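Colleague: Below is the file protein-v6.txt, which contains compact mmCIF, C-alpha atoms.
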```
# COMPACT_ATOMS: atom_id res chain seq x y z
CA MET A 1 189.69 45.08 97.50
CA LYS A 2 188.01 48.38 98.16
CA LEU A 3 187.42 50.10 101.44
CA GLU A 4 186.00 53.56 101.84
CA GLY A 5 183.78 55.71 103.99
CA LYS A 6 182.78 54.56 107.45
CA ALA A 7 184.59 51.57 108.85
CA LYS A 8 185.36 49.94 112.18
CA MET A 9 188.68 49.71 113.96
CA LEU A 10 189.30 46.93 116.47
CA TRP A 11 192.06 46.95 119.04
CA ILE A 12 192.68 43.58 120.65
CA HIS A 13 194.90 43.55 123.75
CA PHE A 14 196.50 40.43 125.22
CA GLY A 15 199.89 38.96 126.18
CA GLU A 16 202.66 37.72 123.96
CA ASP A 17 202.64 34.34 125.72
CA ASP A 18 198.98 33.72 124.90
CA LYS A 19 198.47 30.72 122.65
CA TRP A 20 195.77 29.41 120.37
CA ASN A 21 196.10 25.75 119.35
CA ASP A 22 199.80 25.80 120.29
CA LYS A 23 200.42 28.78 118.05
CA PRO A 24 201.10 32.33 119.24
CA LEU A 25 197.70 33.99 119.52
CA TYR A 26 198.77 37.09 117.59
CA ARG A 27 199.83 34.99 114.63
CA ALA A 28 196.61 33.01 114.77
CA ILE A 29 194.59 36.24 114.77
CA VAL A 30 196.45 37.69 111.76
CA GLU A 31 196.01 34.41 109.88
CA LYS A 32 192.30 34.35 110.69
CA CYS A 33 191.99 37.92 109.43
CA ARG A 34 193.65 37.00 106.16
CA GLU A 35 191.46 33.95 105.84
CA LEU A 36 188.37 36.15 106.24
CA ASP A 37 189.83 38.62 103.74
CA ILE A 38 189.91 41.45 106.26
CA ALA A 39 191.45 44.63 104.82
CA GLY A 40 194.41 44.73 107.18
CA ALA A 41 195.77 43.73 110.58
CA THR A 42 198.86 44.92 112.43
CA VAL A 43 200.44 43.59 115.62
CA PHE A 44 202.22 45.95 118.03
CA ARG A 45 204.33 45.01 121.01
CA GLY A 46 204.18 47.12 124.14
CA ILE A 47 207.01 47.36 126.61
CA GLU A 48 205.02 47.23 129.83
CA GLY A 49 201.40 47.01 130.84
CA TYR A 50 198.73 45.26 132.78
CA GLY A 51 195.23 44.18 131.97
CA ALA A 52 192.43 41.84 132.92
CA SER A 53 194.64 39.66 135.09
CA THR A 54 196.33 42.72 136.70
CA LEU A 55 199.64 40.94 136.27
CA ILE A 56 202.34 43.22 134.97
CA HIS A 57 203.44 42.18 131.50
CA ARG A 58 206.94 43.22 130.67
CA SER A 59 209.30 42.47 127.82
CA HIS A 60 212.68 41.23 128.96
CA LEU A 61 215.54 42.89 127.23
CA LEU A 62 217.93 39.97 127.28
CA SER A 63 215.59 37.08 127.00
CA PHE A 64 213.76 35.56 124.11
CA SER A 65 210.89 34.44 126.27
CA SER A 66 209.07 37.68 126.82
CA ASP A 67 205.55 38.24 127.97
CA ALA A 68 205.09 41.71 126.57
CA PRO A 69 201.63 43.18 126.12
CA LEU A 70 200.49 42.93 122.51
CA MET A 71 197.91 44.92 120.59
CA VAL A 72 196.41 43.93 117.26
CA SER A 73 194.67 46.57 115.23
CA VAL A 74 192.15 45.45 112.63
CA ILE A 75 190.30 47.77 110.27
CA ASP A 76 187.49 46.90 107.88
CA SER A 77 183.84 47.58 107.12
CA GLU A 78 181.37 46.84 109.90
CA ASP A 79 180.00 43.62 108.37
CA LYS A 80 183.48 42.18 107.85
CA VAL A 81 184.50 43.05 111.40
CA GLN A 82 181.28 41.50 112.71
CA LYS A 83 182.23 38.26 110.93
CA LEU A 84 185.56 38.25 112.73
CA LEU A 85 184.15 38.91 116.21
CA PRO A 86 182.82 35.38 116.97
CA PHE A 87 186.26 33.94 116.18
CA LEU A 88 187.98 36.50 118.38
CA ASP A 89 185.54 35.74 121.13
CA GLU A 90 186.61 32.12 121.02
CA MET A 91 190.34 32.76 120.58
CA VAL A 92 190.96 35.51 123.14
CA ASP A 93 190.61 33.97 126.59
CA GLU A 94 192.02 36.77 128.62
CA GLY A 95 192.27 40.22 127.16
CA LEU A 96 190.36 43.17 125.89
CA ILE A 97 188.70 43.90 122.57
CA ALA A 98 187.64 47.46 121.82
CA MET A 99 185.89 48.72 118.70
CA SER A 100 185.63 52.26 117.43
CA GLU A 101 184.34 54.06 114.40
CA VAL A 102 186.75 55.37 111.78
CA GLU A 103 186.51 57.13 108.47
CA VAL A 104 188.70 55.67 105.72
CA ILE A 105 190.65 58.37 103.92
CA LYS A 106 192.81 56.19 101.79
CA TYR A 107 193.26 52.47 101.15
CA VAL A 108 195.53 51.85 98.20
CA HIS A 109 198.22 49.56 96.89
CA GLN A 110 200.35 49.50 93.82
CA ASP A 111 200.93 46.19 92.12
CA GLY A 112 204.58 45.48 91.76
CA ALA A 113 205.61 48.63 93.55
CA ARG A 114 207.49 46.57 96.10
CA SER A 115 210.32 44.24 95.45
CA MET B 116 198.52 69.85 149.25
CA LEU B 117 198.38 69.22 152.98
CA THR B 118 197.72 72.34 155.05
CA ALA B 119 198.01 73.04 158.77
CA GLY B 120 195.01 71.88 160.80
CA PRO B 121 193.22 68.65 161.73
CA ALA B 122 194.33 65.61 159.74
CA LYS B 123 194.53 61.83 159.93
CA LYS B 124 197.60 59.74 160.39
CA VAL B 125 197.40 56.32 158.80
CA THR B 126 199.69 53.45 159.78
CA ILE B 127 199.71 50.23 157.79
CA ARG B 128 201.62 47.19 158.99
CA VAL B 129 202.46 44.36 156.64
CA SER B 130 205.29 41.89 156.44
CA GLU B 131 208.13 42.39 154.01
CA ASN B 132 207.31 39.23 152.05
CA HIS B 133 203.68 40.14 151.73
CA LYS B 134 202.76 40.30 148.05
CA TYR B 135 200.18 42.25 146.10
CA HIS B 136 199.78 41.10 142.48
CA GLY B 137 203.30 39.75 142.38
CA GLN B 138 204.90 42.88 143.84
CA SER B 139 205.91 43.62 147.43
CA ALA B 140 202.79 44.88 149.18
CA TYR B 141 204.62 47.76 150.85
CA ALA B 142 206.08 48.93 147.51
CA ALA B 143 202.67 48.62 145.86
CA ILE B 144 201.09 50.66 148.67
CA LEU B 145 203.81 53.31 148.42
CA ASP B 146 203.30 53.56 144.64
CA PHE B 147 199.57 53.80 145.14
CA LEU B 148 199.96 56.65 147.67
CA PHE B 149 202.44 58.44 145.41
CA TYR B 150 200.26 58.32 142.32
CA ARG B 151 197.13 59.23 144.24
CA GLY B 152 198.79 62.48 145.25
CA VAL B 153 199.40 61.83 148.94
CA SER B 154 201.70 64.59 150.19
CA GLY B 155 204.20 62.24 151.79
CA ALA B 156 204.66 58.70 153.07
CA ASN B 157 207.35 56.73 154.87
CA VAL B 158 208.20 53.06 154.90
CA VAL B 159 209.93 51.89 158.05
CA ARG B 160 211.35 48.42 158.36
CA GLY B 161 211.18 46.93 161.82
CA ILE B 162 213.92 44.78 163.22
CA ALA B 163 211.59 42.24 164.81
CA GLY B 164 207.88 41.78 165.40
CA PHE B 165 204.88 39.50 165.23
CA GLY B 166 201.29 39.85 164.04
CA ALA B 167 198.01 38.05 163.73
CA ASP B 168 199.64 34.88 162.45
CA ARG B 169 201.73 34.67 165.69
CA HIS B 170 204.83 34.21 163.59
CA MET B 171 207.94 35.93 164.95
CA HIS B 172 209.62 38.00 162.24
CA THR B 173 213.25 38.80 163.02
CA ALA B 174 216.44 39.87 161.31
CA ARG B 175 218.64 37.52 163.29
CA ILE B 176 221.65 36.29 161.44
CA GLU B 177 220.54 32.65 161.43
CA SER B 178 217.41 33.47 159.50
CA LEU B 179 218.51 33.74 155.89
CA SER B 180 215.30 34.86 154.32
CA ALA B 181 214.38 37.88 156.38
CA ASP B 182 210.65 38.48 156.55
CA LEU B 183 210.53 41.63 158.60
CA PRO B 184 207.58 43.75 159.64
CA VAL B 185 207.18 46.86 157.51
CA THR B 186 205.26 49.98 158.54
CA ILE B 187 203.95 52.52 156.06
CA GLU B 188 202.89 55.85 157.51
CA PHE B 189 201.33 58.93 155.99
CA VAL B 190 199.40 62.01 157.06
CA GLU B 191 196.55 63.36 154.96
CA SER B 192 193.27 65.24 155.21
CA PRO B 193 190.31 63.17 156.53
CA GLU B 194 188.54 63.29 153.12
CA LYS B 195 191.61 62.01 151.30
CA VAL B 196 192.09 59.21 153.82
CA GLU B 197 188.44 58.23 153.44
CA GLU B 198 188.93 58.04 149.68
CA LEU B 199 192.09 55.89 149.89
CA LEU B 200 191.04 53.42 152.59
CA PRO B 201 189.03 50.91 150.53
CA LYS B 202 191.96 50.26 148.18
CA LEU B 203 194.46 50.19 151.06
CA HIS B 204 192.24 47.66 152.76
CA GLU B 205 192.52 45.43 149.72
CA MET B 206 196.27 45.92 149.33
CA ALA B 207 197.16 45.30 152.97
CA SER B 208 194.99 42.11 153.02
CA THR B 209 196.07 40.35 156.24
CA GLY B 210 198.02 43.36 157.53
CA LEU B 211 196.86 45.97 160.00
CA ILE B 212 195.59 49.46 159.24
CA GLU B 213 195.27 52.08 161.94
CA VAL B 214 193.93 55.64 161.64
CA GLN B 215 194.62 58.31 164.26
CA ASP B 216 193.46 61.88 164.61
CA THR B 217 196.33 64.27 164.42
CA THR B 218 197.02 67.94 163.89
CA VAL B 219 199.34 69.32 161.29
CA VAL B 220 201.20 72.20 162.91
CA LYS B 221 203.38 72.97 159.94
CA ALA B 222 202.95 71.43 156.50
CA SER B 223 206.13 70.47 154.67
CA GLU B 224 207.14 72.58 151.70
CA VAL B 225 208.83 71.78 148.43
CA SER B 226 212.53 72.19 149.21
CA ASN B 227 213.74 72.52 145.65
CA LYS B 228 211.97 75.39 143.94
CA ARG B 229 213.11 74.12 140.57
CA ALA B 230 211.03 71.02 141.10
CA GLN B 231 208.01 73.15 140.32
CA PRO B 232 207.42 74.16 136.73
CA SER B 233 208.30 77.77 136.12
CA ALA B 234 204.88 78.33 134.57
CA PRO B 235 201.67 76.50 135.37
CA ALA B 236 200.87 73.64 133.05
CA LEU B 237 198.21 74.50 130.54
CA LYS B 238 195.42 72.04 130.14
CA ARG B 239 193.57 72.08 126.87
CA GLU B 240 190.46 70.08 126.31
CA GLY B 241 188.27 69.70 123.28
CA THR B 242 187.50 67.43 120.39
CA ALA B 243 189.90 66.74 117.56
CA LYS B 244 190.64 64.10 114.98
CA LEU B 245 193.04 61.22 115.27
CA MET B 246 194.54 60.09 112.00
CA ARG B 247 196.24 56.72 111.75
CA ILE B 248 198.45 55.90 108.79
CA PHE B 249 199.48 52.28 108.20
CA ILE B 250 202.48 51.84 105.93
CA GLY B 251 205.54 49.58 105.67
CA GLU B 252 208.97 50.33 107.03
CA ASN B 253 210.54 49.83 103.60
CA ASP B 254 208.22 52.27 101.87
CA LYS B 255 210.17 55.16 100.41
CA TRP B 256 209.48 58.71 99.37
CA HIS B 257 212.24 60.21 97.23
CA ASP B 258 214.74 57.65 98.55
CA LYS B 259 213.89 58.52 102.13
CA PRO B 260 211.96 56.23 104.49
CA LEU B 261 208.33 57.23 104.07
CA HIS B 262 207.57 57.35 107.79
CA LYS B 263 210.44 59.80 108.31
CA ALA B 264 209.40 61.90 105.35
CA LEU B 265 205.84 62.02 106.67
CA VAL B 266 206.95 63.18 110.11
CA GLU B 267 209.12 65.90 108.58
CA SER B 268 206.35 66.96 106.27
CA MET B 269 203.86 67.17 109.15
CA ARG B 270 206.27 69.22 111.20
CA ALA B 271 206.76 71.57 108.29
CA ASN B 272 202.98 71.84 107.94
CA ASP B 273 202.55 72.68 111.61
CA ILE B 274 200.60 69.54 112.52
CA ALA B 275 200.26 69.33 116.32
CA GLY B 276 202.04 66.02 116.80
CA VAL B 277 202.79 62.64 115.34
CA THR B 278 204.11 59.36 116.75
CA VAL B 279 205.51 56.44 114.78
CA ASN B 280 204.95 52.96 116.17
CA PRO B 281 206.57 49.91 114.59
CA GLY B 282 204.48 46.76 114.55
CA ILE B 283 205.84 43.23 114.74
CA LEU B 284 203.56 41.54 112.22
CA GLY B 285 200.89 42.68 109.82
CA TYR B 286 199.47 42.87 106.35
CA GLY B 287 197.54 45.48 104.48
CA ALA B 288 196.30 46.60 101.11
CA ASN B 289 198.75 44.55 99.07
CA ARG B 290 198.11 41.36 101.09
CA ARG B 291 201.81 41.06 101.76
CA ILE B 292 202.88 40.03 105.25
CA HIS B 293 205.22 42.50 106.92
CA ARG B 294 207.30 40.94 109.62
CA ASP B 295 210.08 41.90 111.96
CA THR B 296 212.83 39.37 111.27
CA ALA B 297 214.34 37.55 114.23
CA LEU B 298 217.79 39.06 113.89
CA HIS B 299 216.58 42.60 113.41
CA LEU B 300 218.91 43.14 110.48
CA SER B 301 216.61 43.76 107.58
CA HIS B 302 213.51 45.41 108.84
CA ASP B 303 210.28 45.32 106.97
CA ARG B 304 207.98 46.03 109.82
CA PRO B 305 204.51 47.47 109.54
CA MET B 306 204.50 51.10 110.71
CA MET B 307 201.66 53.07 112.22
CA LEU B 308 201.71 56.85 112.50
CA SER B 309 199.26 58.45 114.91
CA VAL B 310 198.53 62.09 114.25
CA VAL B 311 196.25 64.33 116.31
CA ASP B 312 195.05 67.76 115.24
CA THR B 313 191.88 69.63 114.34
CA GLU B 314 189.84 68.32 111.44
CA GLU B 315 190.63 71.38 109.25
CA LYS B 316 194.36 71.02 109.76
CA LEU B 317 194.27 67.35 108.89
CA ARG B 318 192.01 67.79 105.88
CA ALA B 319 194.31 70.53 104.61
CA PHE B 320 197.15 68.04 104.84
CA PHE B 321 195.39 65.31 102.82
CA PRO B 322 196.62 66.42 99.36
CA ILE B 323 200.23 66.27 100.57
CA LEU B 324 199.59 62.94 102.24
CA ASP B 325 197.99 61.68 99.06
CA SER B 326 201.05 62.51 97.00
CA MET B 327 203.37 60.79 99.46
CA VAL B 328 201.56 57.59 100.42
CA GLN B 329 201.50 55.28 97.42
CA GLN B 330 200.16 52.33 99.33
CA GLY B 331 198.72 51.89 102.75
CA LEU B 332 195.69 52.72 104.82
CA VAL B 333 194.70 56.04 106.33
CA VAL B 334 191.81 56.30 108.76
CA LEU B 335 190.37 59.14 110.77
CA SER B 336 188.47 58.99 114.05
CA ASP B 337 187.10 61.35 116.68
CA VAL B 338 189.07 61.89 119.87
CA ASP B 339 188.73 64.01 122.97
CA VAL B 340 191.90 65.97 123.52
CA ILE B 341 193.17 66.30 127.06
CA LYS B 342 196.54 67.87 126.72
CA TYR B 343 199.01 69.34 129.11
CA THR B 344 201.65 71.71 127.84
CA HIS B 345 204.10 74.06 129.41
CA ASP B 346 203.75 77.66 128.50
CA TYR B 347 207.42 78.17 127.87
CA GLU B 348 208.60 81.69 127.30
CA GLY B 349 209.15 82.43 123.65
CA GLU B 350 206.95 79.58 122.60
CA GLY B 351 203.77 81.57 122.52
CA ARG B 352 203.36 80.31 119.00
CA ARG B 353 202.09 77.05 120.42
CA LYS B 354 199.26 78.88 122.08
CA GLU B 355 197.77 80.17 118.91
CA VAL B 356 198.38 76.99 116.97
CA ARG B 357 196.23 74.78 119.18
CA SER B 358 192.98 75.54 120.81
```
Please go through the file and, once you have read it, give me the structure as structure tokens.
Modeller:
Amino acid sequence: MKLEGKAKMLWIHFGEDDKWNDKPLYRAIVEKCRELDIAGATVFRGIEGYGASTLIHRSHLLSFSSDAPLMVSVIDSEDKVQKLLPFLDEMVDEGLIAMSEVEVIKYVHQDGARS
Amino acid sequence: MLTAGPAKKVTIRVSENHKYHGQSAYAAILDFLFYRGVSGANVVRGIAGFGADRHMHTARIESLSADLPVTIEFVESPEKVEELLPKLHEMASTGLIEVQDTTVVKASEVSNKRAQPSAPALKREGTAKLMRIFIGENDKWHDKPLHKALVESMRANDIAGVTVNPGILGYGANRRIHRDTALHLSHDRPMMLSVVDTEEKLRAFFPILDSMVQQGLVVLSDVDVIKYTHDYEGEGRRKEVRS
């Protein structure tokens, strides 16, 4: 896989409790990205926030059931990202998707470099 | 800052149990006033009262769940009040809002001088580049975690600032899923470093970055910088570093 020059970066914001077909939405999005052979996707968990629903999302320190705000960042060439968008449109019921332009400086991996 | 002269006094009456987006309405209103720069506001809890719904709110011992009337008061310039009213209207919903003409004879002053910064905050605006580096938590550089080594290297190279954010799930160039394990014992989380500086500074750093990052993704994008710093004494260096 090669990625260079101009690319697009997507940031998808939603809640940790959001589901897609009974599966956590963030996991479903990462799996969809892999299925579409997108260059990379990373999920981040926020500690507090609010969004479209204006409900405060907060992660609970002592509980496993948290509804923290989540962000997924996806980077790939414009045509690959465009292929992903219809799926995201269907999967993300309540949330925000933002796209911006980025320049790829480096996209490398070393086979067998990791254990 | 409120100055002596004509002003408006706003009184908002809601009940204690009144909610605004899941939070107490009076607390939400107070937060709103605070963050919108109102010079001062008071919340006063009544001991009994009734309003439009003709329901008697009291604090008598037999009523276990007290739902008392709450009054929020503040004094501000007429323009400021005009600006705040539409939102207050929404937040108070069924409550009452009253505006009176008043005159400020003496404006309150900051009692603790130390509360004010010793030097005015410097605001710098302009365009810069945001660099994002996606690596794994287990990536190493000379036996040191790569994200730590990168931060140290950037500091040594006078890069304006960098923040490391751990992700909870992700994959990248090598198609391998990075995941935060449930028990948080062995971490192999995806890591994102966000770096902001001028394009020249970042481009000058690329060769070093190149030698350190063996696998991962590095992207660059345009950002508008809106930065506040304190002009601490003896830190004049900062001034010439960033523009």
Colleague: Given all atoms listed in the file as the basis, pick out the residue of B:His136, B:Arg291, B:Lys255, B:Lys263 nearest to chain A.
Modeller: B:His136
Colleague: Mind checking which residues fall within 12 Å of Pro260 (chain B), counting all atoms listed in the file, ignoring those fewer than 4 positions away in the same chain, and posting them as a PDB file with C-alpha atoms, keeping the file's coordinate frame?
Modeller:
```pdb
ATOM      1  CA  ILE B 250     202.480  51.840 105.930  1.00  0.00           C
ATOM      2  CA  GLY B 251     205.540  49.580 105.670  1.00  0.00           C
ATOM      3  CA  GLU B 252     208.970  50.330 107.030  1.00  0.00           C
ATOM      4  CA  ASN B 253     210.540  49.830 103.600  1.00  0.00           C
ATOM      5  CA  ASP B 254     208.220  52.270 101.870  1.00  0.00           C
ATOM      6  CA  LYS B 255     210.170  55.160 100.410  1.00  0.00           C
ATOM      7  CA  TRP B 256     209.480  58.710  99.370  1.00  0.00           C
ATOM      8  CA  ALA B 264     209.400  61.900 105.350  1.00  0.00           C
ATOM      9  CA  LEU B 265     205.840  62.020 106.670  1.00  0.00           C
ATOM     10  CA  VAL B 266     206.950  63.180 110.110  1.00  0.00           C
ATOM     11  CA  GLU B 267     209.120  65.900 108.580  1.00  0.00           C
ATOM     12  CA  HIS B 302     213.510  45.410 108.840  1.00  0.00           C
ATOM     13  CA  ASP B 303     210.280  45.320 106.970  1.00  0.00           C
ATOM     14  CA  MET B 306     204.500  51.100 110.710  1.00  0.00           C
ATOM     15  CA  MET B 327     203.370  60.790  99.460  1.00  0.00           C
ATOM     16  CA  VAL B 328     201.560  57.590 100.420  1.00  0.00           C
TER      17      VAL B 328
END
```
Colleague: Contacts between chain A and chain B, please, where a residue of chain B counts if it comes within 10 Å (with all atoms listed in the file); show its shortest atom pair and distance in Å to one decimal, rows by chain and ascending number, as JSON lines.
Modeller:
```
{"residue": "B:Tyr135", "atom": "CA", "partner": "A:Leu55", "partner_atom": "CA", "distance": 9.9}
{"residue": "B:His136", "atom": "CA", "partner": "A:Leu55", "partner_atom": "CA", "distance": 6.2}
{"residue": "B:Gly137", "atom": "CA", "partner": "A:Leu55", "partner_atom": "CA", "distance": 7.2}
{"residue": "B:Gln138", "atom": "CA", "partner": "A:Ile56", "partner_atom": "CA", "distance": 9.2}
{"residue": "B:Leu245", "atom": "CA", "partner": "A:Val102", "partner_atom": "CA", "distance": 9.3}
{"residue": "B:Met246", "atom": "CA", "partner": "A:Val102", "partner_atom": "CA", "distance": 9.1}
{"residue": "B:Arg247", "atom": "CA", "partner": "A:Val102", "partner_atom": "CA", "distance": 9.6}
{"residue": "B:Ile248", "atom": "CA", "partner": "A:Lys106", "partner_atom": "CA", "distance": 9.0}
{"residue": "B:Phe249", "atom": "CA", "partner": "A:Thr42", "partner_atom": "CA", "distance": 8.5}
{"residue": "B:Asn253", "atom": "CA", "partner": "A:Arg114", "partner_atom": "CA", "distance": 8.7}
{"residue": "B:Asp254", "atom": "CA", "partner": "A:Arg114", "partner_atom": "CA", "distance": 8.1}
{"residue": "B:Lys255", "atom": "CA", "partner": "A:Arg114", "partner_atom": "CA", "distance": 10.0}
{"residue": "B:Asn280", "atom": "CA", "partner": "A:Phe44", "partner_atom": "CA", "distance": 7.7}
{"residue": "B:Pro281", "atom": "CA", "partner": "A:Phe44", "partner_atom": "CA", "distance": 6.8}
{"residue": "B:Gly282", "atom": "CA", "partner": "A:Phe44", "partner_atom": "CA", "distance": 4.2}
{"residue": "B:Ile283", "atom": "CA", "partner": "A:Val43", "partner_atom": "CA", "distance": 5.5}
{"residue": "B:Leu284", "atom": "CA", "partner": "A:Val43", "partner_atom": "CA", "distance": 5.0}
{"residue": "B:Gly285", "atom": "CA", "partner": "A:Thr42", "partner_atom": "CA", "distance": 4.0}
{"residue": "B:Tyr286", "atom": "CA", "partner": "A:Gly40", "partner_atom": "CA", "distance": 5.5}
{"residue": "B:Gly287", "atom": "CA", "partner": "A:Gly40", "partner_atom": "CA", "distance": 4.2}
{"residue": "B:Ala288", "atom": "CA", "partner": "A:His109", "partner_atom": "CA", "distance": 5.5}
{"residue": "B:Asn289", "atom": "CA", "partner": "A:His109", "partner_atom": "CA", "distance": 5.5}
{"residue": "B:Arg290", "atom": "CA", "partner": "A:Gly40", "partner_atom": "CA", "distance": 7.9}
{"residue": "B:Arg291", "atom": "CA", "partner": "A:Arg114", "partner_atom": "CA", "distance": 9.7}
{"residue": "B:Ile292", "atom": "CA", "partner": "A:Val30", "partner_atom": "CA", "distance": 9.4}
{"residue": "B:His293", "atom": "CA", "partner": "A:Thr42", "partner_atom": "CA", "distance": 8.8}
{"residue": "B:Arg294", "atom": "CA", "partner": "A:Val43", "partner_atom": "CA", "distance": 9.5}
{"residue": "B:Arg304", "atom": "CA", "partner": "A:Thr42", "partner_atom": "CA", "distance": 9.6}
{"residue": "B:Pro305", "atom": "CA", "partner": "A:Thr42", "partner_atom": "CA", "distance": 6.8}
{"residue": "B:Met306", "atom": "CA", "partner": "A:Thr42", "partner_atom": "CA", "distance": 8.5}
{"residue": "B:Met307", "atom": "CA", "partner": "A:Thr42", "partner_atom": "CA", "distance": 8.6}
{"residue": "B:Arg318", "atom": "CA", "partner": "A:Ile105", "partner_atom": "CA", "distance": 9.7}
{"residue": "B:Phe321", "atom": "CA", "partner": "A:Ile105", "partner_atom": "CA", "distance": 8.5}
{"residue": "B:Leu324", "atom": "CA", "partner": "A:Lys106", "partner_atom": "CA", "distance": 9.6}
{"residue": "B:Asp325", "atom": "CA", "partner": "A:Lys106", "partner_atom": "CA", "distance": 8.0}
{"residue": "B:Val328", "atom": "CA", "partner": "A:Val108", "partner_atom": "CA", "distance": 8.6}
{"residue": "B:Gln329", "atom": "CA", "partner": "A:His109", "partner_atom": "CA", "distance": 6.6}
{"residue": "B:Gln330", "atom": "CA", "partner": "A:His109", "partner_atom": "CA", "distance": 4.2}
{"residue": "B:Gly331", "atom": "CA", "partner": "A:Val108", "partner_atom": "CA", "distance": 5.6}
{"residue": "B:Leu332", "atom": "CA", "partner": "A:Tyr107", "partner_atom": "CA", "distance": 4.4}
{"residue": "B:Val333", "atom": "CA", "partner": "A:Lys106", "partner_atom": "CA", "distance": 4.9}
{"residue": "B:Val334", "atom": "CA", "partner": "A:Val104", "partner_atom": "CA", "distance": 4.4}
{"residue": "B:Leu335", "atom": "CA", "partner": "A:Glu103", "partner_atom": "CA", "distance": 4.9}
{"residue": "B:Ser336", "atom": "CA", "partner": "A:Val102", "partner_atom": "CA", "distance": 4.6}
{"residue": "B:Asp337", "atom": "CA", "partner": "A:Val102", "partner_atom": "CA", "distance": 7.7}
```
Colleague: I'd like to know which of A:Leu85, A:Ala98, A:Ile47, A:Ile12 is closest to Leu25 (chain A), using only C-alpha atoms.
Modeller: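 When distances to Leu25 (chain A) are compared using only C-alpha atoms, the smallest one comes from A:Ile12.
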Colleague: What is the distance, in Å and to one decimal place, between CA of Val153 (chain B) and CA of Glu191 (chain B)?
Modeller: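 So the answer is 6.8 Å.
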Colleague: Grab the CA of Gly152 (chain B) to CA of Ala207 (chain B) distance for me, in Å with one decimal place.
Modeller: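 Separating CA of Gly152 (chain B) from CA of Ala207 (chain B) is a distance of 18.9 Å.
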Colleague: Work out how far CA of Tyr50 (chain A) is from CA of Arg128 (chain B), in Å to one decimal.
Modeller: 26.4 Å
Colleague: Find the residues near Val129 (chain B): any atom within 7 Å, counting all atoms listed in the file, skip ones fewer than 4 places away on the same chain, and give them as a PDB file with C-alpha atoms, in the frame of the given file.
Modeller:
```pdb
ATOM      1  CA  HIS B 133     203.680  40.140 151.730  1.00  0.00           C
ATOM      2  CA  PRO B 184     207.580  43.750 159.640  1.00  0.00           C
ATOM      3  CA  VAL B 185     207.180  46.860 157.510  1.00  0.00           C
ATOM      4  CA  THR B 186     205.260  49.980 158.540  1.00  0.00           C
ATOM      5  CA  ALA B 207     197.160  45.300 152.970  1.00  0.00           C
ATOM      6  CA  GLY B 210     198.020  43.360 157.530  1.00  0.00           C
ATOM      7  CA  LEU B 211     196.860  45.970 160.000  1.00  0.00           C
TER       8      LEU B 211
END
```
Colleague: My list of candidates is A:Asp67, A:Glu35, A:Glu48, A:Glu90. Which is closest to Glu16 (chain A) when distances are computed with only C-alpha atoms?
Modeller: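 Counting only C-alpha atoms, the residue closest to Glu16 (chain A) is A:Asp67.
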Colleague: For Asn21 (chain A), which residue among A:Val92, A:Lys83, A:Ile97, A:Gly49 is the nearest when counting all atoms listed in the file?
Modeller: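 Ranking A:Val92, A:Lys83, A:Ile97, A:Gly49 by distance to Asn21 (chain A), first place goes to A:Val92.
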Colleague: Between B:Thr313, B:Ser326, B:Thr278, B:Ser154, which residue has the minimum interatomic distance to Ser223 (chain B), considering only C-alpha atoms?
Modeller: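 Using only C-alpha atoms, the shortest distance to Ser223 (chain B) belongs to B:Ser154.
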